[in-house]
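**Student:** If it helps, the file is called final-v8.pdb and holds PDB, C-alpha atoms, pLDDT in the B column:
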ATOM      1  CA  MET C 339      15.723 -40.706 -30.195  1.00 46.00           C
ATOM      2  CA  ASP C 340      14.584 -40.540 -26.591  1.00 59.00           C
ATOM      3  CA  HIS C 341      11.551 -38.544 -25.559  1.00 64.00           C
ATOM      4  CA  GLY C 342      13.335 -35.488 -24.201  1.00 90.00           C
ATOM      5  CA  TYR C 343      13.896 -32.128 -25.777  1.00 95.00           C
ATOM      6  CA  VAL C 344      16.781 -31.240 -28.080  1.00 96.00           C
ATOM      7  CA  ARG C 345      18.238 -27.760 -28.289  1.00 97.00           C
ATOM      8  CA  GLY C 346      20.811 -25.954 -30.383  1.00 98.00           C
ATOM      9  CA  ARG C 347      21.814 -22.582 -31.717  1.00 98.00           C
ATOM     10  CA  LEU C 348      21.925 -21.230 -35.245  1.00 98.00           C
ATOM     11  CA  ARG C 349      25.317 -20.138 -36.500  1.00 97.00           C
ATOM     12  CA  ASN C 350      25.880 -16.441 -37.144  1.00 96.00           C
ATOM     13  CA  PRO C 351      25.812 -15.214 -40.744  1.00 94.00           C
ATOM     14  CA  ASP C 352      29.390 -13.953 -40.342  1.00 94.00           C
ATOM     15  CA  GLU C 353      30.415 -17.620 -40.357  1.00 95.00           C
ATOM     16  CA  ALA C 354      29.254 -17.924 -43.970  1.00 95.00           C
ATOM     17  CA  PRO C 355      31.861 -19.081 -46.470  1.00 94.00           C
ATOM     18  CA  ALA C 356      33.249 -16.455 -48.861  1.00 93.00           C
ATOM     19  CA  SER C 357      31.790 -18.338 -51.793  1.00 92.00           C
ATOM     20  CA  GLY C 358      29.465 -21.266 -52.307  1.00 90.00           C
ATOM     21  CA  GLU C 359      27.189 -22.497 -49.573  1.00 92.00           C
ATOM     22  CA  GLU C 360      27.443 -24.530 -46.416  1.00 95.00           C
ATOM     23  CA  ALA C 361      24.357 -26.491 -45.359  1.00 96.00           C
ATOM     24  CA  ARG C 362      24.172 -28.095 -41.933  1.00 97.00           C
ATOM     25  CA  GLU C 363      21.414 -30.350 -40.748  1.00 98.00           C
ATOM     26  CA  LEU C 364      20.056 -29.190 -37.396  1.00 98.00           C
ATOM     27  CA  LEU C 365      17.557 -31.951 -36.760  1.00 96.00           C
ATOM     28  CA  ALA C 366      15.577 -34.680 -38.474  1.00 95.00           C
ATOM     29  CA  PHE C 367      12.206 -35.679 -37.045  1.00 91.00           C
ATOM     30  CA  GLY C 368       9.299 -37.549 -38.581  1.00 87.00           C
ATOM     31  CA  GLY C 369       9.814 -37.037 -42.309  1.00 89.00           C
ATOM     32  CA  ALA C 370      11.209 -33.536 -41.817  1.00 94.00           C
ATOM     33  CA  VAL C 371      14.767 -32.281 -41.954  1.00 96.00           C
ATOM     34  CA  VAL C 372      15.592 -28.791 -40.685  1.00 97.00           C
ATOM     35  CA  GLU C 373      18.803 -27.229 -41.902  1.00 98.00           C
ATOM     36  CA  GLN C 374      20.623 -23.929 -41.818  1.00 98.00           C
ATOM     37  CA  ILE C 375      22.377 -22.795 -44.973  1.00 97.00           C
ATOM     38  CA  LEU C 376      24.998 -20.047 -44.965  1.00 97.00           C
ATOM     39  CA  SER C 377      25.818 -18.693 -48.399  1.00 96.00           C
ATOM     40  CA  GLY C 378      28.689 -16.648 -49.737  1.00 94.00           C
ATOM     41  CA  ARG C 379      28.941 -15.199 -53.168  1.00 91.00           C
ATOM     42  CA  LEU C 380      27.613 -17.640 -55.723  1.00 90.00           C
ATOM     43  CA  GLU C 381      30.196 -18.642 -58.333  1.00 86.00           C
ATOM     44  CA  ALA C 382      27.658 -19.834 -60.871  1.00 91.00           C
ATOM     45  CA  PRO C 383      23.903 -20.308 -60.962  1.00 93.00           C
ATOM     46  CA  ALA C 384      22.891 -23.594 -59.347  1.00 92.00           C
ATOM     47  CA  ASP C 385      19.993 -25.741 -60.528  1.00 95.00           C
ATOM     48  CA  TYR C 386      17.924 -27.762 -58.112  1.00 93.00           C
ATOM     49  CA  LEU C 387      15.248 -30.387 -58.547  1.00 93.00           C
ATOM     50  CA  GLN C 388      14.318 -31.937 -55.245  1.00 92.00           C
ATOM     51  CA  PRO C 389      12.156 -34.921 -54.409  1.00 93.00           C
ATOM     52  CA  GLN C 390      10.975 -33.277 -51.162  1.00 95.00           C
ATOM     53  CA  ASP C 391       8.792 -30.310 -50.427  1.00 95.00           C
ATOM     54  CA  GLU C 392      10.956 -27.427 -49.257  1.00 96.00           C
ATOM     55  CA  TRP C 393      10.126 -24.352 -47.194  1.00 97.00           C
ATOM     56  CA  VAL C 394      12.886 -21.767 -46.816  1.00 98.00           C
ATOM     57  CA  VAL C 395      13.147 -18.412 -45.119  1.00 98.00           C
ATOM     58  CA  VAL C 396      15.919 -15.841 -45.505  1.00 98.00           C
ATOM     59  CA  LEU C 397      17.034 -14.724 -42.045  1.00 98.00           C
ATOM     60  CA  ALA C 398      19.731 -12.333 -43.280  1.00 97.00           C
ATOM     61  CA  GLY C 399      21.118 -11.278 -46.637  1.00 97.00           C
ATOM     62  CA  ALA C 400      19.349 -11.587 -49.962  1.00 97.00           C
ATOM     63  CA  ALA C 401      19.030 -13.920 -52.927  1.00 97.00           C
ATOM     64  CA  MET C 402      17.619 -14.157 -56.424  1.00 97.00           C
ATOM     65  CA  LEU C 403      15.994 -17.305 -57.772  1.00 97.00           C
ATOM     66  CA  GLU C 404      14.289 -18.354 -60.961  1.00 97.00           C
ATOM     67  CA  VAL C 405      11.255 -20.527 -60.424  1.00 95.00           C
ATOM     68  CA  ALA C 406       8.663 -21.537 -63.001  1.00 88.00           C
ATOM     69  CA  GLY C 407       9.860 -18.870 -65.436  1.00 88.00           C
ATOM     70  CA  GLU C 408       9.721 -16.095 -62.852  1.00 94.00           C
ATOM     71  CA  THR C 409      12.509 -14.193 -61.145  1.00 96.00           C
ATOM     72  CA  LEU C 410      12.111 -13.952 -57.400  1.00 97.00           C
ATOM     73  CA  GLU C 411      14.060 -11.533 -55.229  1.00 98.00           C
ATOM     74  CA  LEU C 412      14.194 -12.602 -51.615  1.00 98.00           C
ATOM     75  CA  ALA C 413      15.333 -10.399 -48.751  1.00 98.00           C
ATOM     76  CA  ALA C 414      15.501 -10.965 -45.012  1.00 97.00           C
ATOM     77  CA  ARG C 415      12.188 -12.294 -43.621  1.00 98.00           C
ATOM     78  CA  ASP C 416      10.950 -13.489 -47.045  1.00 98.00           C
ATOM     79  CA  TRP C 417       9.938 -17.124 -47.173  1.00 98.00           C
ATOM     80  CA  LEU C 418       9.354 -19.439 -50.107  1.00 98.00           C
ATOM     81  CA  PHE C 419       7.685 -22.811 -50.469  1.00 97.00           C
ATOM     82  CA  LEU C 420       8.890 -25.004 -53.323  1.00 97.00           C
ATOM     83  CA  PRO C 421       6.826 -28.151 -53.784  1.00 95.00           C
ATOM     84  CA  ALA C 422       8.615 -31.419 -54.545  1.00 94.00           C
ATOM     85  CA  GLY C 423       9.610 -31.698 -58.198  1.00 94.00           C
ATOM     86  CA  LEU C 424       9.525 -27.997 -59.045  1.00 95.00           C
ATOM     87  CA  PRO C 425      12.805 -27.067 -60.775  1.00 95.00           C
ATOM     88  CA  HIS C 426      14.406 -23.901 -59.477  1.00 96.00           C
ATOM     89  CA  ARG C 427      17.640 -22.031 -60.027  1.00 96.00           C
ATOM     90  CA  LEU C 428      19.581 -20.052 -57.485  1.00 96.00           C
ATOM     91  CA  VAL C 429      20.968 -17.144 -59.474  1.00 96.00           C
ATOM     92  CA  ARG C 430      22.523 -14.847 -56.909  1.00 95.00           C
ATOM     93  CA  THR C 431      23.159 -14.665 -53.179  1.00 95.00           C
ATOM     94  CA  GLU C 432      24.521 -11.803 -51.172  1.00 95.00           C
ATOM     95  CA  PRO C 433      27.585 -12.760 -49.093  1.00 94.00           C
ATOM     96  CA  GLY C 434      26.490 -13.725 -45.599  1.00 95.00           C
ATOM     97  CA  THR C 435      23.037 -14.934 -46.609  1.00 97.00           C
ATOM     98  CA  ASP C 436      21.480 -17.000 -43.845  1.00 98.00           C
ATOM     99  CA  TRP C 437      18.716 -19.465 -44.700  1.00 98.00           C
ATOM    100  CA  LEU C 438      16.617 -21.777 -42.666  1.00 98.00           C
ATOM    101  CA  ALA C 439      15.192 -24.677 -44.684  1.00 97.00           C
ATOM    102  CA  ILE C 440      12.711 -27.426 -43.944  1.00 97.00           C
ATOM    103  CA  HIS C 441      12.651 -30.406 -46.250  1.00 96.00           C
ATOM    104  CA  LEU C 442       9.683 -32.681 -45.943  1.00 94.00           C
ATOM    105  CA  HIS C 443       9.552 -36.140 -47.398  1.00 85.00           C
ATOM    106  CA  ARG C 444       6.122 -37.143 -48.549  1.00 74.00           C
ATOM    107  CA  PRO C 445       4.741 -40.372 -47.113  1.00 67.00           C
ATOM    108  CA  GLY C 446       6.044 -43.325 -49.104  1.00 60.00           C
ATOM    109  CA  ASP C 447       9.270 -41.562 -50.155  1.00 53.00           C
TER
ATOM    110  CA  MET Z1357      -2.806 -26.732 -53.728  1.00 46.00           C
ATOM    111  CA  ASP Z1358      -1.402 -26.359 -57.227  1.00 60.00           C
ATOM    112  CA  HIS Z1359       2.176 -27.226 -58.044  1.00 64.00           C
ATOM    113  CA  GLY Z1360       3.631 -23.739 -58.072  1.00 90.00           C
ATOM    114  CA  TYR Z1361       5.627 -21.940 -55.443  1.00 95.00           C
ATOM    115  CA  VAL Z1362       4.139 -19.967 -52.568  1.00 96.00           C
ATOM    116  CA  ARG Z1363       5.872 -16.977 -51.026  1.00 97.00           C
ATOM    117  CA  GLY Z1364       5.327 -14.678 -48.103  1.00 98.00           C
ATOM    118  CA  ARG Z1365       7.067 -12.464 -45.613  1.00 98.00           C
ATOM    119  CA  LEU Z1366       7.475 -12.758 -41.872  1.00 98.00           C
ATOM    120  CA  ARG Z1367       6.029  -9.944 -39.812  1.00 97.00           C
ATOM    121  CA  ASN Z1368       8.395  -7.663 -37.929  1.00 96.00           C
ATOM    122  CA  PRO Z1369       8.808  -8.179 -34.178  1.00 94.00           C
ATOM    123  CA  ASP Z1370       7.604  -4.616 -33.595  1.00 94.00           C
ATOM    124  CA  GLU Z1371       4.159  -5.869 -34.593  1.00 95.00           C
ATOM    125  CA  ALA Z1372       4.081  -8.100 -31.500  1.00 95.00           C
ATOM    126  CA  PRO Z1373       1.159  -7.545 -29.130  1.00 94.00           C
ATOM    127  CA  ALA Z1374       1.948  -5.769 -25.844  1.00 93.00           C
ATOM    128  CA  SER Z1375       0.950  -8.879 -23.931  1.00 92.00           C
ATOM    129  CA  GLY Z1376       0.073 -12.456 -24.749  1.00 90.00           C
ATOM    130  CA  GLU Z1377       0.988 -14.011 -28.067  1.00 92.00           C
ATOM    131  CA  GLU Z1378      -0.230 -13.924 -31.627  1.00 95.00           C
ATOM    132  CA  ALA Z1379       0.350 -17.042 -33.727  1.00 96.00           C
ATOM    133  CA  ARG Z1380      -0.229 -16.985 -37.461  1.00 97.00           C
ATOM    134  CA  GLU Z1381      -0.042 -19.975 -39.722  1.00 98.00           C
ATOM    135  CA  LEU Z1382       2.204 -19.300 -42.703  1.00 98.00           C
ATOM    136  CA  LEU Z1383       1.747 -22.553 -44.578  1.00 96.00           C
ATOM    137  CA  ALA Z1384       0.621 -26.134 -44.162  1.00 95.00           C
ATOM    138  CA  PHE Z1385       2.169 -28.821 -46.358  1.00 91.00           C
ATOM    139  CA  GLY Z1386       2.304 -32.583 -45.953  1.00 87.00           C
ATOM    140  CA  GLY Z1387       1.789 -33.097 -42.228  1.00 89.00           C
ATOM    141  CA  ALA Z1388       3.685 -29.916 -41.366  1.00 94.00           C
ATOM    142  CA  VAL Z1389       2.404 -26.540 -40.269  1.00 96.00           C
ATOM    143  CA  VAL Z1390       4.765 -23.556 -40.205  1.00 97.00           C
ATOM    144  CA  GLU Z1391       3.768 -20.607 -38.056  1.00 98.00           C
ATOM    145  CA  GLN Z1392       5.192 -17.353 -36.793  1.00 98.00           C
ATOM    146  CA  ILE Z1393       4.472 -16.389 -33.209  1.00 97.00           C
ATOM    147  CA  LEU Z1394       4.943 -12.852 -31.932  1.00 97.00           C
ATOM    148  CA  SER Z1395       4.935 -12.566 -28.146  1.00 96.00           C
ATOM    149  CA  GLY Z1396       4.499  -9.654 -25.804  1.00 94.00           C
ATOM    150  CA  ARG Z1397       4.893  -9.752 -22.069  1.00 91.00           C
ATOM    151  CA  LEU Z1398       3.456 -12.949 -20.680  1.00 90.00           C
ATOM    152  CA  GLU Z1399       0.666 -12.380 -18.162  1.00 86.00           C
ATOM    153  CA  ALA Z1400       0.946 -15.797 -16.574  1.00 91.00           C
ATOM    154  CA  PRO Z1401       2.895 -18.973 -17.234  1.00 93.00           C
ATOM    155  CA  ALA Z1402       1.263 -21.061 -19.962  1.00 92.00           C
ATOM    156  CA  ASP Z1403       1.227 -24.848 -20.008  1.00 95.00           C
ATOM    157  CA  TYR Z1404       1.345 -26.785 -23.236  1.00 93.00           C
ATOM    158  CA  LEU Z1405       0.928 -30.445 -24.095  1.00 93.00           C
ATOM    159  CA  GLN Z1406       0.863 -30.951 -27.814  1.00 92.00           C
ATOM    160  CA  PRO Z1407       0.042 -33.997 -29.878  1.00 93.00           C
ATOM    161  CA  GLN Z1408       2.553 -32.956 -32.572  1.00 95.00           C
ATOM    162  CA  ASP Z1409       6.307 -32.739 -32.658  1.00 95.00           C
ATOM    163  CA  GLU Z1410       7.349 -29.099 -32.500  1.00 96.00           C
ATOM    164  CA  TRP Z1411      10.550 -27.359 -33.567  1.00 97.00           C
ATOM    165  CA  VAL Z1412      10.875 -23.691 -32.661  1.00 98.00           C
ATOM    166  CA  VAL Z1413      13.549 -21.079 -33.119  1.00 98.00           C
ATOM    167  CA  VAL Z1414      13.738 -17.653 -31.501  1.00 98.00           C
ATOM    168  CA  LEU Z1415      14.449 -15.057 -34.195  1.00 98.00           C
ATOM    169  CA  ALA Z1416      14.417 -12.059 -31.855  1.00 97.00           C
ATOM    170  CA  GLY Z1417      13.833 -11.483 -28.157  1.00 97.00           C
ATOM    171  CA  ALA Z1418      14.164 -14.081 -25.425  1.00 97.00           C
ATOM    172  CA  ALA Z1419      12.107 -16.570 -23.454  1.00 97.00           C
ATOM    173  CA  MET Z1420      12.247 -18.895 -20.488  1.00 97.00           C
ATOM    174  CA  LEU Z1421      10.625 -22.329 -20.499  1.00 97.00           C
ATOM    175  CA  GLU Z1422      10.374 -25.247 -18.130  1.00 97.00           C
ATOM    176  CA  VAL Z1423      10.689 -28.626 -19.796  1.00 95.00           C
ATOM    177  CA  ALA Z1424      11.124 -31.998 -18.135  1.00 88.00           C
ATOM    178  CA  GLY Z1425      12.036 -30.373 -14.817  1.00 88.00           C
ATOM    179  CA  GLU Z1426      14.657 -28.103 -16.361  1.00 94.00           C
ATOM    180  CA  THR Z1427      14.645 -24.360 -16.895  1.00 96.00           C
ATOM    181  CA  LEU Z1428      15.668 -23.321 -20.387  1.00 97.00           C
ATOM    182  CA  GLU Z1429      16.659 -19.795 -21.319  1.00 98.00           C
ATOM    183  CA  LEU Z1430      16.326 -19.120 -25.029  1.00 98.00           C
ATOM    184  CA  ALA Z1431      17.762 -16.104 -26.812  1.00 98.00           C
ATOM    185  CA  ALA Z1432      17.809 -15.105 -30.461  1.00 97.00           C
ATOM    186  CA  ARG Z1433      19.087 -17.929 -32.709  1.00 98.00           C
ATOM    187  CA  ASP Z1434      18.390 -20.631 -30.102  1.00 98.00           C
ATOM    188  CA  TRP Z1435      16.210 -23.483 -31.306  1.00 98.00           C
ATOM    189  CA  LEU Z1436      14.345 -26.152 -29.398  1.00 98.00           C
ATOM    190  CA  PHE Z1437      12.735 -29.429 -30.390  1.00 97.00           C
ATOM    191  CA  LEU Z1438       9.856 -30.654 -28.250  1.00 97.00           C
ATOM    192  CA  PRO Z1439       8.646 -34.127 -29.140  1.00 95.00           C
ATOM    193  CA  ALA Z1440       4.916 -34.830 -29.187  1.00 94.00           C
ATOM    194  CA  GLY Z1441       3.493 -35.400 -25.719  1.00 93.00           C
ATOM    195  CA  LEU Z1442       6.252 -33.656 -23.762  1.00 95.00           C
ATOM    196  CA  PRO Z1443       4.646 -31.190 -21.325  1.00 95.00           C
ATOM    197  CA  HIS Z1444       6.283 -27.783 -21.269  1.00 96.00           C
ATOM    198  CA  ARG Z1445       5.601 -24.443 -19.655  1.00 96.00           C
ATOM    199  CA  LEU Z1446       6.322 -21.033 -21.096  1.00 96.00           C
ATOM    200  CA  VAL Z1447       7.378 -18.978 -18.086  1.00 96.00           C
ATOM    201  CA  ARG Z1448       8.569 -15.677 -19.488  1.00 95.00           C
ATOM    202  CA  THR Z1449       8.915 -13.902 -22.800  1.00 95.00           C
ATOM    203  CA  GLU Z1450      10.589 -10.621 -23.552  1.00 95.00           C
ATOM    204  CA  PRO Z1451       8.275  -8.140 -25.295  1.00 94.00           C
ATOM    205  CA  GLY Z1452       8.769  -8.385 -29.051  1.00 95.00           C
ATOM    206  CA  THR Z1453       9.833 -12.022 -29.056  1.00 97.00           C
ATOM    207  CA  ASP Z1454       9.651 -13.489 -32.546  1.00 98.00           C
ATOM    208  CA  TRP Z1455       9.345 -17.263 -32.972  1.00 98.00           C
ATOM    209  CA  LEU Z1456       9.207 -19.510 -35.944  1.00 98.00           C
ATOM    210  CA  ALA Z1457       7.546 -22.857 -35.207  1.00 97.00           C
ATOM    211  CA  ILE Z1458       7.088 -26.041 -37.174  1.00 97.00           C
ATOM    212  CA  HIS Z1459       4.484 -28.494 -35.990  1.00 96.00           C
ATOM    213  CA  LEU Z1460       4.632 -31.942 -37.476  1.00 94.00           C
ATOM    214  CA  HIS Z1461       1.815 -34.424 -37.245  1.00 85.00           C
ATOM    215  CA  ARG Z1462       2.970 -37.987 -37.012  1.00 74.00           C
ATOM    216  CA  PRO Z1463       1.513 -40.375 -39.579  1.00 67.00           C
ATOM    217  CA  GLY Z1464      -1.854 -41.637 -38.407  1.00 60.00           C
ATOM    218  CA  ASP Z1465      -2.627 -38.520 -36.299  1.00 53.00           C
TER
END
In structure tokens, how does this file's structure come out?
**Tutor:**
Amino acid sequence: MDHGYVRGRLRNPDEAPASGEEARELLAFGGAVVEQILSGRLEAPADYLQPQDEWVVVLAGAAMLEVAGETLELAARDWLFLPAGLPHRLVRTEPGTDWLAIHLHRPGD
Amino acid sequence: MDHGYVRGRLRNPDEAPASGEEARELLAFGGAVVEQILSGRLEAPADYLQPQDEWVVVLAGAAMLEVAGETLELAARDWLFLPAGLPHRLVRTEPGTDWLAIHLHRPGD
């Protein structure tokens, strides 16, 4: 990468797929990856176990997750930090849910 | 920090100050700091030179910056990456501008 700026624009939630989710990487810098995820209706709960720390914020829509035995309802403007190695399950997403996610690799990964 | 999740909620843009800006750290993890910045009308251009990489996205409102001799207009959903050490000037912000920013310290900082 050179030493200049980089710019871009988030997609609109109305570009979300009807079902499933579409994640697009916006930028990787240092050990961080920033991505936008547009979700449609979830066909089945999805289990995740990630080797990176993850911070997500819901920009539009809503979702339900299960984390550490708890059910979390997230609406627009709610954010969630999931440390590396914490299993979590995405149970439900509202069509047109718009997420911004930051994945951060820990040093040595 | 323990190994559980952390959650929170972004403030609404109508909580922005009338002038100047109010930055609040949401979370620090690894070498990353996530913050929300609510801006009112800018009283004077503000110059920045930061030792960290910075990724920002405008969630609401609009702003004008000068970076590397160029004038950048940012509206809602526009994002901008400013590498560490790149001088930039915030020239104008619309009242109620809502930013999400990620600052990333490079290893060894």
**Student:** As a check of understanding, name the residues that the PyMOL selection byres ((chain C and resi 352-358) around 12) selects in the supplied structure, as a PDB file with C-alpha atoms, keeping the file's coordinate frame.
**Tutor:**
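Result file follows (expr-v3.pdb):
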ATOM      1  CA  LEU C 348      21.925 -21.230 -35.245  1.00 98.00           C
ATOM      2  CA  ARG C 349      25.317 -20.138 -36.500  1.00 97.00           C
ATOM      3  CA  ASN C 350      25.880 -16.441 -37.144  1.00 96.00           C
ATOM      4  CA  PRO C 351      25.812 -15.214 -40.744  1.00 94.00           C
ATOM      5  CA  GLU C 359      27.189 -22.497 -49.573  1.00 92.00           C
ATOM      6  CA  GLU C 360      27.443 -24.530 -46.416  1.00 95.00           C
ATOM      7  CA  ALA C 361      24.357 -26.491 -45.359  1.00 96.00           C
ATOM      8  CA  ARG C 362      24.172 -28.095 -41.933  1.00 97.00           C
ATOM      9  CA  GLN C 374      20.623 -23.929 -41.818  1.00 98.00           C
ATOM     10  CA  ILE C 375      22.377 -22.795 -44.973  1.00 97.00           C
ATOM     11  CA  LEU C 376      24.998 -20.047 -44.965  1.00 97.00           C
ATOM     12  CA  SER C 377      25.818 -18.693 -48.399  1.00 96.00           C
ATOM     13  CA  GLY C 378      28.689 -16.648 -49.737  1.00 94.00           C
ATOM     14  CA  ARG C 379      28.941 -15.199 -53.168  1.00 91.00           C
ATOM     15  CA  LEU C 380      27.613 -17.640 -55.723  1.00 90.00           C
ATOM     16  CA  GLU C 381      30.196 -18.642 -58.333  1.00 86.00           C
ATOM     17  CA  ALA C 382      27.658 -19.834 -60.871  1.00 91.00           C
ATOM     18  CA  PRO C 383      23.903 -20.308 -60.962  1.00 93.00           C
ATOM     19  CA  ALA C 384      22.891 -23.594 -59.347  1.00 92.00           C
ATOM     20  CA  ALA C 398      19.731 -12.333 -43.280  1.00 97.00           C
ATOM     21  CA  GLY C 399      21.118 -11.278 -46.637  1.00 97.00           C
ATOM     22  CA  LEU C 428      19.581 -20.052 -57.485  1.00 96.00           C
ATOM     23  CA  VAL C 429      20.968 -17.144 -59.474  1.00 96.00           C
ATOM     24  CA  ARG C 430      22.523 -14.847 -56.909  1.00 95.00           C
ATOM     25  CA  THR C 431      23.159 -14.665 -53.179  1.00 95.00           C
ATOM     26  CA  GLU C 432      24.521 -11.803 -51.172  1.00 95.00           C
ATOM     27  CA  PRO C 433      27.585 -12.760 -49.093  1.00 94.00           C
ATOM     28  CA  GLY C 434      26.490 -13.725 -45.599  1.00 95.00           C
ATOM     29  CA  THR C 435      23.037 -14.934 -46.609  1.00 97.00           C
ATOM     30  CA  ASP C 436      21.480 -17.000 -43.845  1.00 98.00           C
ATOM     31  CA  TRP C 437      18.716 -19.465 -44.700  1.00 98.00           C
TER      32      TRP C 437
END
**Student:** Could you tell me which residues the PyMOL selection byres ((chain Z) within 9 of (chain C)) grabs in this file, written as a VMD selection string?
**Tutor:** chain Z and resid 1359 to 1368 1383 1385 to 1388 1390 1409 1411 1413 1415 1423 to 1424 1432 to 1442 1458 1460 to 1463
**Student:** In Å to one decimal, how far is CA of Thr409 (chain C) from CA of Pro425 (chain C)?
**Tutor:**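 Computed distance, CA of Pro425 (chain C) to CA of Thr409 (chain C), equals 12.9 Å.
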**Student:** What does the distance from CA of Ala1457 (chain Z) to CA of Val1389 (chain Z) come to in Å, to one decimal?
**Tutor:**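 For CA of Ala1457 (chain Z) relative to CA of Val1389 (chain Z), the distance reads 8.1 Å.
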**Student:** As a PDB file, keeping the file's coordinate frame, could you write out region 413-429 of chain C once it has been completed with N, CA, C and O atoms?
**Tutor:**
ATOM      1  N   ALA C 413      14.550 -11.145 -49.745  1.00 98.00           N
ATOM      2  CA  ALA C 413      15.333 -10.399 -48.751  1.00 98.00           C
ATOM      3  C   ALA C 413      15.047 -10.996 -47.379  1.00 98.00           C
ATOM      4  O   ALA C 413      14.250 -11.934 -47.249  1.00 98.00           O
ATOM      5  N   ALA C 414      15.698 -10.452 -46.365  1.00 97.00           N
ATOM      6  CA  ALA C 414      15.501 -10.965 -45.012  1.00 97.00           C
ATOM      7  C   ALA C 414      14.017 -10.961 -44.659  1.00 97.00           C
ATOM      8  O   ALA C 414      13.301 -10.007 -44.948  1.00 97.00           O
ATOM      9  N   ARG C 415      13.563 -12.045 -44.067  1.00 98.00           N
ATOM     10  CA  ARG C 415      12.188 -12.294 -43.621  1.00 98.00           C
ATOM     11  C   ARG C 415      11.278 -12.802 -44.740  1.00 98.00           C
ATOM     12  O   ARG C 415      10.115 -13.132 -44.472  1.00 98.00           O
ATOM     13  N   ASP C 416      11.762 -12.881 -45.977  1.00 98.00           N
ATOM     14  CA  ASP C 416      10.950 -13.489 -47.045  1.00 98.00           C
ATOM     15  C   ASP C 416      11.058 -15.002 -46.964  1.00 98.00           C
ATOM     16  O   ASP C 416      12.137 -15.554 -46.776  1.00 98.00           O
ATOM     17  N   TRP C 417       9.922 -15.667 -47.136  1.00 98.00           N
ATOM     18  CA  TRP C 417       9.938 -17.124 -47.173  1.00 98.00           C
ATOM     19  C   TRP C 417       9.376 -17.608 -48.502  1.00 98.00           C
ATOM     20  O   TRP C 417       8.667 -16.885 -49.208  1.00 98.00           O
ATOM     21  N   LEU C 418       9.731 -18.851 -48.821  1.00 98.00           N
ATOM     22  CA  LEU C 418       9.354 -19.439 -50.107  1.00 98.00           C
ATOM     23  C   LEU C 418       9.095 -20.923 -49.924  1.00 98.00           C
ATOM     24  O   LEU C 418       9.891 -21.616 -49.293  1.00 98.00           O
ATOM     25  N   PHE C 419       7.986 -21.379 -50.469  1.00 97.00           N
ATOM     26  CA  PHE C 419       7.685 -22.811 -50.469  1.00 97.00           C
ATOM     27  C   PHE C 419       7.842 -23.331 -51.881  1.00 97.00           C
ATOM     28  O   PHE C 419       7.237 -22.795 -52.822  1.00 97.00           O
ATOM     29  N   LEU C 420       8.658 -24.368 -52.022  1.00 97.00           N
ATOM     30  CA  LEU C 420       8.890 -25.004 -53.323  1.00 97.00           C
ATOM     31  C   LEU C 420       8.412 -26.446 -53.230  1.00 97.00           C
ATOM     32  O   LEU C 420       9.034 -27.267 -52.542  1.00 97.00           O
ATOM     33  N   PRO C 421       7.305 -26.771 -53.878  1.00 95.00           N
ATOM     34  CA  PRO C 421       6.826 -28.151 -53.784  1.00 95.00           C
ATOM     35  C   PRO C 421       7.809 -29.123 -54.437  1.00 95.00           C
ATOM     36  O   PRO C 421       8.573 -28.738 -55.325  1.00 95.00           O
ATOM     37  N   ALA C 422       7.771 -30.363 -53.981  1.00 94.00           N
ATOM     38  CA  ALA C 422       8.615 -31.419 -54.545  1.00 94.00           C
ATOM     39  C   ALA C 422       8.492 -31.414 -56.063  1.00 94.00           C
ATOM     40  O   ALA C 422       7.398 -31.260 -56.613  1.00 94.00           O
ATOM     41  N   GLY C 423       9.629 -31.542 -56.745  1.00 94.00           N
ATOM     42  CA  GLY C 423       9.610 -31.698 -58.198  1.00 94.00           C
ATOM     43  C   GLY C 423       9.544 -30.406 -58.987  1.00 94.00           C
ATOM     44  O   GLY C 423       9.467 -30.449 -60.221  1.00 94.00           O
ATOM     45  N   LEU C 424       9.560 -29.271 -58.320  1.00 95.00           N
ATOM     46  CA  LEU C 424       9.525 -27.997 -59.045  1.00 95.00           C
ATOM     47  C   LEU C 424      10.967 -27.515 -59.271  1.00 95.00           C
ATOM     48  O   LEU C 424      11.671 -27.167 -58.318  1.00 95.00           O
ATOM     49  N   PRO C 425      11.418 -27.489 -60.533  1.00 95.00           N
ATOM     50  CA  PRO C 425      12.805 -27.067 -60.775  1.00 95.00           C
ATOM     51  C   PRO C 425      12.988 -25.606 -60.382  1.00 95.00           C
ATOM     52  O   PRO C 425      12.084 -24.791 -60.588  1.00 95.00           O
ATOM     53  N   HIS C 426      14.129 -25.290 -59.813  1.00 96.00           N
ATOM     54  CA  HIS C 426      14.406 -23.901 -59.477  1.00 96.00           C
ATOM     55  C   HIS C 426      15.901 -23.649 -59.577  1.00 96.00           C
ATOM     56  O   HIS C 426      16.714 -24.564 -59.433  1.00 96.00           O
ATOM     57  N   ARG C 427      16.233 -22.419 -59.836  1.00 96.00           N
ATOM     58  CA  ARG C 427      17.640 -22.031 -60.027  1.00 96.00           C
ATOM     59  C   ARG C 427      17.984 -20.901 -59.070  1.00 96.00           C
ATOM     60  O   ARG C 427      17.271 -19.893 -59.012  1.00 96.00           O
ATOM     61  N   LEU C 428      19.062 -21.115 -58.349  1.00 96.00           N
ATOM     62  CA  LEU C 428      19.581 -20.052 -57.485  1.00 96.00           C
ATOM     63  C   LEU C 428      20.540 -19.248 -58.345  1.00 96.00           C
ATOM     64  O   LEU C 428      21.523 -19.773 -58.865  1.00 96.00           O
ATOM     65  N   VAL C 429      20.222 -17.977 -58.535  1.00 96.00           N
ATOM     66  CA  VAL C 429      20.968 -17.144 -59.474  1.00 96.00           C
ATOM     67  C   VAL C 429      22.003 -16.278 -58.765  1.00 96.00           C
ATOM     68  O   VAL C 429      23.098 -16.067 -59.268  1.00 96.00           O
TER      69      VAL C 429
END
